[in-house]
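The structure file data.txt is reproduced below (compact mmCIF, C-alpha atoms and all ligand atoms).
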```
# COMPACT_ATOMS: atom_id res chain seq x y z
CA MET K 554 0.00 0.00 0.00
CA SER K 555 1.26 3.45 -0.78
CA THR K 556 0.27 6.70 0.85
CA ALA K 557 -0.13 10.13 -0.64
CA ASN K 558 0.23 11.98 2.59
CA ASN K 559 3.83 12.95 2.56
CA ALA K 560 4.07 14.72 -0.76
CA SER K 561 6.32 17.64 0.10
CA THR K 562 6.30 19.73 -3.03
CA ASN K 563 3.57 22.07 -4.11
CA ASN K 564 4.35 23.38 -7.54
CA SER K 565 1.12 24.74 -8.82
CA ALA K 566 -1.59 24.60 -6.14
CA THR K 567 -2.16 28.03 -4.65
CA PRO K 568 -4.77 29.00 -2.07
CA ASN K 569 -6.68 32.01 -3.36
CA ASN K 570 -9.87 32.91 -1.57
CA GLY K 571 -10.95 29.30 -1.65
CA THR K 572 -10.25 28.94 -5.37
CA VAL K 573 -7.55 26.40 -6.05
CA THR K 574 -5.50 25.78 -9.14
CA ALA K 575 -4.30 22.25 -8.61
CA SER K 576 -1.62 20.19 -10.21
CA LYS K 577 -3.24 18.00 -12.83
CA GLU K 578 -1.71 14.67 -11.91
CA LEU K 579 -4.88 12.83 -12.98
CA ALA K 580 -5.38 14.57 -16.32
CA GLY K 581 -6.69 12.15 -18.91
CA ARG K 582 -7.77 9.60 -16.34
CA THR K 583 -11.25 8.50 -15.35
CA LEU K 584 -12.11 7.67 -11.75
CA SER K 585 -15.34 5.88 -10.96
CA ILE K 586 -16.74 6.20 -7.43
CA VAL K 587 -19.74 4.32 -6.05
CA ASN K 588 -21.67 5.47 -3.01
CA VAL K 589 -22.96 2.09 -1.79
CA TYR K 590 -26.54 1.91 -0.46
CA GLN K 591 -26.94 5.55 0.44
CA SER K 592 -30.46 4.93 1.77
CA LEU K 593 -29.23 2.27 4.25
CA LEU K 594 -25.70 3.43 5.00
CA GLY K 595 -26.04 7.16 4.79
CA ILE K 596 -26.53 8.57 8.27
CA TYR K 597 -24.34 11.40 9.57
CA GLY K 598 -23.74 12.76 6.09
CA ASP K 599 -21.28 10.03 5.17
CA ARG K 600 -22.27 10.48 1.53
CA GLY K 601 -19.94 13.48 1.76
CA ASN K 602 -17.00 11.08 1.62
CA ALA K 603 -17.78 10.18 -1.98
CA MET K 604 -18.29 13.86 -2.81
CA VAL K 605 -14.91 14.76 -1.34
CA LEU K 606 -13.15 12.01 -3.27
CA ALA K 607 -14.84 13.11 -6.47
CA GLU K 608 -14.01 16.79 -6.02
CA ARG K 609 -10.39 16.20 -5.07
CA ALA K 610 -9.91 13.91 -8.07
CA ARG K 611 -11.57 16.45 -10.38
CA ARG K 612 -9.27 19.20 -9.15
CA ARG K 613 -6.36 16.93 -10.10
CA GLY K 614 -7.74 16.75 -13.62
CA ALA K 615 -9.62 13.42 -13.51
CA GLU K 616 -12.91 12.82 -15.18
CA VAL K 617 -15.03 11.44 -12.35
CA ILE K 618 -18.03 9.17 -12.69
CA GLU K 619 -20.22 9.14 -9.57
CA HIS K 620 -22.80 6.48 -8.96
CA VAL K 621 -25.28 6.01 -6.10
CA ALA K 622 -26.16 2.32 -5.80
CA GLU K 623 -29.25 1.12 -3.97
CA PRO K 624 -30.42 -2.37 -2.93
CA GLY K 625 -32.49 -4.01 -5.61
CA SER K 626 -30.19 -2.85 -8.38
CA PRO K 627 -26.77 -4.26 -9.11
CA VAL K 628 -23.82 -2.31 -7.75
CA PRO K 629 -21.50 -1.33 -10.64
CA ASP K 630 -18.82 -3.94 -11.06
CA ASP K 631 -16.14 -1.78 -12.62
CA ALA K 632 -15.65 1.14 -10.21
CA ASP K 633 -12.36 2.28 -8.73
CA ILE K 634 -13.61 3.24 -5.27
CA TYR K 635 -16.61 2.00 -3.24
CA VAL K 636 -17.73 4.09 -0.26
CA LEU K 637 -19.98 2.83 2.55
CA GLY K 638 -21.29 4.95 5.43
CA GLY K 639 -22.87 4.44 8.84
CA GLY K 640 -26.29 3.01 9.55
CA GLU K 641 -28.61 1.77 12.27
CA ASP K 642 -28.57 -1.93 13.17
CA GLY K 643 -31.52 -2.91 10.96
CA ALA K 644 -30.22 -1.04 7.95
CA GLN K 645 -26.76 -2.46 8.51
CA THR K 646 -28.12 -6.01 8.48
CA ALA K 647 -30.14 -5.36 5.33
CA ALA K 648 -27.08 -3.87 3.65
CA VAL K 649 -24.77 -6.78 4.42
CA ARG K 650 -27.36 -9.29 3.18
CA ALA K 651 -27.75 -7.51 -0.13
CA LEU K 652 -24.01 -6.99 -0.57
CA ALA K 653 -23.21 -10.63 0.23
CA ALA K 654 -25.80 -11.76 -2.31
CA ASP K 655 -24.38 -9.38 -4.92
CA GLY K 656 -20.73 -10.28 -4.27
CA VAL K 657 -19.59 -7.08 -5.93
CA LEU K 658 -17.24 -5.91 -3.18
CA ALA K 659 -15.32 -9.18 -3.04
CA ARG K 660 -14.85 -9.01 -6.82
CA ALA K 661 -13.82 -5.38 -6.54
CA VAL K 662 -11.13 -6.13 -3.97
CA GLU K 663 -9.91 -9.03 -6.08
CA ARG K 664 -9.18 -6.65 -8.96
CA GLY K 665 -7.59 -4.02 -6.69
CA ALA K 666 -10.39 -1.50 -6.26
CA VAL K 667 -10.60 0.53 -3.04
CA VAL K 668 -13.37 -0.18 -0.53
CA PHE K 669 -13.83 2.40 2.24
CA GLY K 670 -16.36 1.77 5.03
CA VAL K 671 -17.35 4.04 7.91
CA CYS K 672 -18.84 2.73 11.18
CA ALA K 673 -21.61 0.28 10.15
CA GLY K 674 -19.94 0.25 6.75
CA TYR K 675 -16.69 -0.70 8.49
CA GLN K 676 -18.25 -3.37 10.68
CA ILE K 677 -19.85 -5.21 7.78
CA LEU K 678 -16.51 -5.45 5.97
CA GLY K 679 -15.29 -7.71 8.79
CA GLU K 680 -15.96 -11.39 9.45
CA THR K 681 -18.73 -11.06 12.05
CA PHE K 682 -20.57 -8.37 13.99
CA THR K 683 -23.24 -8.40 16.67
CA VAL K 684 -26.24 -6.10 16.46
CA GLY K 685 -29.63 -5.57 18.01
CA HIS K 686 -31.01 -6.08 21.50
CA ASP K 687 -30.46 -9.84 21.28
CA ASN K 688 -26.78 -9.42 20.37
CA ALA K 689 -27.27 -11.69 17.38
CA GLU K 690 -24.04 -12.44 15.58
CA ARG K 691 -24.15 -11.79 11.84
CA GLU K 692 -21.80 -12.72 9.05
CA GLY K 693 -19.86 -9.86 7.53
CA LEU K 694 -18.35 -9.76 4.08
CA GLY K 695 -14.98 -11.08 5.30
CA LEU K 696 -12.93 -8.47 3.47
CA LEU K 697 -11.21 -7.45 6.71
CA ASN K 698 -9.92 -9.86 9.36
CA ALA K 699 -12.02 -8.24 12.06
CA GLN K 700 -14.81 -9.14 14.47
CA THR K 701 -17.14 -6.62 16.06
CA VAL K 702 -18.92 -7.27 19.36
CA ARG K 703 -21.38 -5.20 21.39
CA CYS K 704 -19.86 -3.11 24.17
CA ASP K 705 -21.09 -0.88 26.94
CA PRO K 706 -21.10 2.02 27.13
CA ARG K 707 -21.75 3.12 23.59
CA ALA K 708 -18.87 5.15 22.14
CA VAL K 709 -20.22 8.62 21.46
CA GLY K 710 -18.15 11.76 21.00
CA GLU K 711 -15.25 13.41 19.26
CA ILE K 712 -12.40 11.16 18.23
CA VAL K 713 -8.82 12.07 17.33
CA THR K 714 -6.37 9.50 16.02
CA ARG K 715 -2.94 9.29 14.43
CA ARG K 716 -2.66 7.52 11.06
CA ARG K 717 -0.01 4.85 11.20
CA GLY K 718 2.95 5.36 8.88
CA VAL K 719 2.22 9.06 8.28
CA THR K 720 4.04 11.99 9.86
CA GLY K 721 3.09 15.56 10.74
CA ASN K 722 -0.33 17.18 10.72
CA ASP K 723 -1.53 14.92 7.90
CA ALA K 724 -1.37 11.97 10.28
CA LEU K 725 -4.02 13.42 12.59
CA ILE K 726 -7.56 12.25 11.89
CA THR K 727 -10.55 13.88 13.58
CA GLY K 728 -14.21 12.93 13.51
CA PHE K 729 -17.29 12.07 15.51
CA GLU K 730 -17.96 8.51 16.61
CA ASN K 731 -21.26 6.91 17.61
CA HIS K 732 -21.20 3.12 17.81
CA GLY K 733 -22.12 0.31 20.16
CA GLY K 734 -19.77 -2.19 18.58
CA GLN K 735 -16.06 -2.51 19.18
CA THR K 736 -13.82 -4.19 16.67
CA ARG K 737 -11.04 -6.69 17.26
CA LEU K 738 -8.53 -7.05 14.47
CA LEU K 739 -7.09 -10.45 13.63
CA ALA K 740 -3.90 -11.45 11.81
CA GLY K 741 -3.77 -10.12 8.27
CA THR K 742 -5.43 -6.77 8.99
CA GLU K 743 -3.67 -3.74 10.48
CA PRO K 744 -5.12 -0.78 12.39
CA LEU K 745 -5.58 2.37 10.37
CA ALA K 746 -4.59 4.59 13.29
CA ASP K 747 -3.90 4.85 17.01
CA VAL K 748 -6.39 6.61 19.27
CA ILE K 749 -5.38 9.90 20.87
CA GLU K 750 -8.86 10.75 22.15
CA GLY K 751 -12.03 8.68 21.91
CA VAL K 752 -12.69 4.93 21.61
CA GLY K 753 -12.27 3.65 18.04
CA ASN K 754 -11.78 -0.13 18.00
CA GLY K 755 -11.77 -0.10 21.83
CA ASP K 756 -8.18 -1.25 22.40
CA GLY K 757 -6.28 1.95 21.62
CA THR K 758 -6.36 1.35 17.89
CA GLU K 759 -8.78 2.71 15.31
CA GLY K 760 -10.03 1.39 12.03
CA ALA K 761 -8.49 -1.23 9.82
CA VAL K 762 -6.58 -1.64 6.57
CA LYS K 763 -6.09 -4.76 4.52
CA GLY K 764 -4.64 -4.08 1.08
CA THR K 765 -7.14 -1.78 -0.60
CA VAL K 766 -9.88 -2.28 2.02
CA TYR K 767 -10.27 0.43 4.66
CA GLY K 768 -12.58 0.70 7.65
CA THR K 769 -12.88 3.47 10.21
CA TYR K 770 -15.32 4.70 12.87
CA PRO K 771 -15.25 8.52 12.53
CA HIS K 772 -18.05 10.38 10.81
CA GLY K 773 -17.63 14.00 9.87
CA PRO K 774 -17.69 13.19 6.99
CA VAL K 775 -14.25 11.89 7.82
CA LEU K 776 -12.76 12.57 4.37
CA ALA K 777 -13.92 16.18 4.47
CA ARG K 778 -12.24 16.67 7.82
CA ASN K 779 -9.12 14.75 6.83
CA PRO K 780 -8.12 15.45 3.24
CA ALA K 781 -4.84 13.54 3.51
CA LEU K 782 -6.83 10.36 4.07
CA ALA K 783 -9.00 11.16 1.05
CA ASP K 784 -5.88 11.65 -1.08
CA GLU K 785 -4.44 8.38 0.22
CA LEU K 786 -7.50 6.53 -1.06
CA ILE K 787 -7.26 8.18 -4.48
CA THR K 788 -3.57 7.33 -4.62
CA VAL K 789 -4.23 3.69 -3.75
CA ALA K 790 -6.94 3.57 -6.44
CA THR K 791 -4.86 5.24 -9.14
CA GLY K 792 -1.23 4.65 -8.21
CA VAL K 793 -0.64 8.40 -8.56
CA GLN K 794 1.00 10.50 -5.85
CA PHE K 795 -0.20 14.07 -5.41
CA ALA K 796 1.10 17.45 -4.45
CA PRO K 797 -1.00 18.90 -1.61
CA LEU K 798 -4.25 20.64 -2.53
CA PRO K 799 -4.41 23.55 -0.10
CA ILE K 800 -7.91 24.88 0.51
CA GLN K 801 -7.97 27.64 3.09
CA ALA K 802 -11.42 26.90 4.49
CA ILE K 803 -10.55 23.25 5.10
CA ALA K 804 -7.23 24.14 6.72
CA ALA K 805 -9.00 26.61 9.03
CA LEU K 806 -11.68 24.09 10.01
CA ARG K 807 -9.06 21.45 10.58
CA ALA K 808 -7.01 23.71 12.84
CA GLU K 809 -10.15 24.46 14.83
CA ARG K 810 -10.97 20.77 15.24
CA LEU K 811 -7.46 19.95 16.40
CA GLU K 812 -7.19 22.87 18.79
CA GLY K 813 -7.57 21.73 22.35
CA HIS K 814 -6.73 18.15 21.45
CA LEU K 815 -3.07 18.65 20.82
CA GLY K 816 -2.37 22.30 21.44
CA SER K 817 -1.79 22.62 17.72
N1 LIG M 901 -24.96 -0.11 14.34
C1 LIG M 901 -23.55 0.06 14.54
C2 LIG M 901 -23.16 0.28 16.00
O1 LIG M 901 -23.88 0.87 16.76
C3 LIG M 901 -23.01 1.17 13.68
C4 LIG M 901 -23.58 2.52 14.02
C5 LIG M 901 -23.17 3.59 13.07
O2 LIG M 901 -22.96 3.34 11.89
N2 LIG M 901 -23.11 4.82 13.56
O3 LIG M 901 -22.09 -0.13 16.41
```

What does this structure look like when you write it as C-alpha cells?
Ligand code: GLN
Amino acid sequence: MSTANNASTNNSATPNNGTVTASKELAGRTLSIVNVYQSLLGIYGDRGNAMVLAERARRRGAEVIEHVAEPGSPVPDDADIYVLGGGEDGAQTAAVRALAADGVLARAVERGAVVFGVCAGYQILGETFTVGHDNAEREGLGLLNAQTVRCDPRAVGEIVTRRRGVTGNDALITGFENHGGQTRLLAGTEPLADVIEGVGNGDGTEGAVKGTVYGTYPHGPVLARNPALADELITVATGVQFAPLPIQAIAALRAERLEGHLGS
C-alpha cells in the first residue's frame, strides 16, 4: 500500500480565496466512485465522503463518474472506489445481506479496487458483527480480518487519532464517533490509526486496513475533515502521488478541530 500523505512539493496549487488551481496529476484519467446503499448506509452525512473524493480527483484533472447504488439494483462492477457509510442496526443487516448476495465488493477487492467503510460500513466489511437487543451475531463480508462485538457504554463523541505510517499534521484524523460495537482485528489486517482521544476499535487502535480495504469509525464526513486520508484513497486507487491541494477553508476548520486536542 502506498500513501499520498507525505508529498512535500507544491508546484502549482495556490490557495486564493478558496479557489484552487491544482496540479493535474490525474489529467486524462477517469475515476469511478460508487456510493454504496446511500439509503441504508447514509446517516451522519457520510455520503460526503464520496463527494470529497470526487471533487479532489476532479481538481487533479480526472474525469469522475459518480454512482449512487441502492439495494435491488446491481452495484457497478467496474468502479475504482466503493464508499460505505454508517447506519442503524436494521439497515446495517439489510445492507450486508444484499451486498453478500451481490458479491460485488469481493470481486472489486480481487481486482484491486478501493473499498472504504465508515462505522456500520466498516463493521460489515469484517468477518462477524453483533447487532440488536439480542446481540445476534451476523456474518460480515470477510474483506477485513475483524470481528465486532457489542460493548457498553456506547462510544459517542469526538475522536482524534494518528494515522499509522504518516508523519506531521496529515497523520491526525478527527471525527465524531457513535457506535455500540467494538472491533477486534485479527492477523492479516492492520489498524488504520492509534487513538489519541475517543474509543475507536476499543483497544487503543482505530479502524483497519487490509490491502485496498479500509474501515474506520469517525463520521464527519471523515474525508472532508481529513483530506490527507482522502488523497491516500485516491492514490491507492490510481497509483498516482499528489502534491498537496491547499484549501484555506478546510485548513482553518481542521485547525479548529485539532485545537484543544493537541495544542496545535
Ligand atoms: N450499528 C452500529 C453500531 O452501533 C453502527 C452505528 C453507526 O454506523 N453509527 O455499532

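For the point (1.5, 3.3, -10.7) in file coordinates, the residues within 12 Å, using only C-alpha atoms, are Met554, Ser555, Glu578, Leu579, Ile787, Thr788, Val789, Ala790, Thr791, Gly792, Val793 and Gln794 of chain K.
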
Exercise for the section: Please identify every polymer residue within 10 Å of ligand LIG 901 (chain M), using all atoms listed in the file, and present the set as a ChimeraX atom specification. Expected result: /K:593-597,599,637-646,670-677,682-685,701-704,707-709,729-736,770-772

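Straight-line separation from CA of Thr681 in chain K to CA of Arg650 in chain K: 12.5 Å.
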
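Of the listed residues (K:Ile800, K:Val713, K:Val719, K:Leu658), K:Val713 comes nearest to Glu759 in chain K; the distances count all atoms listed in the file.
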
Completion exercise
The distance between CA of His620 in chain K and CA of Asn779 in chain K is 22.5 Å

Exercise for the section: Mind giving me the straight-line distance from CA of Ile618 in chain K to CA of Ala647 in chain K in Å, one decimal? Expected result: 26.1 Å

Practice task
Counting all atoms listed in the file, write as a PyMOL selection string all protein and nucleic acid residues lying at most 12 Å from (-16.2, 17.0, -0.7) in the file's frame.
Solution key: chain K and resi 598-612+773-780+783-784+800+803

Practice task
Select, from K:Ile712, K:Val766, K:Ala699, K:Val589, the residue with the minimum atom-to-atom distance to Ala651 in chain K, counting all atoms listed in the file.
Solution key: K:Val589
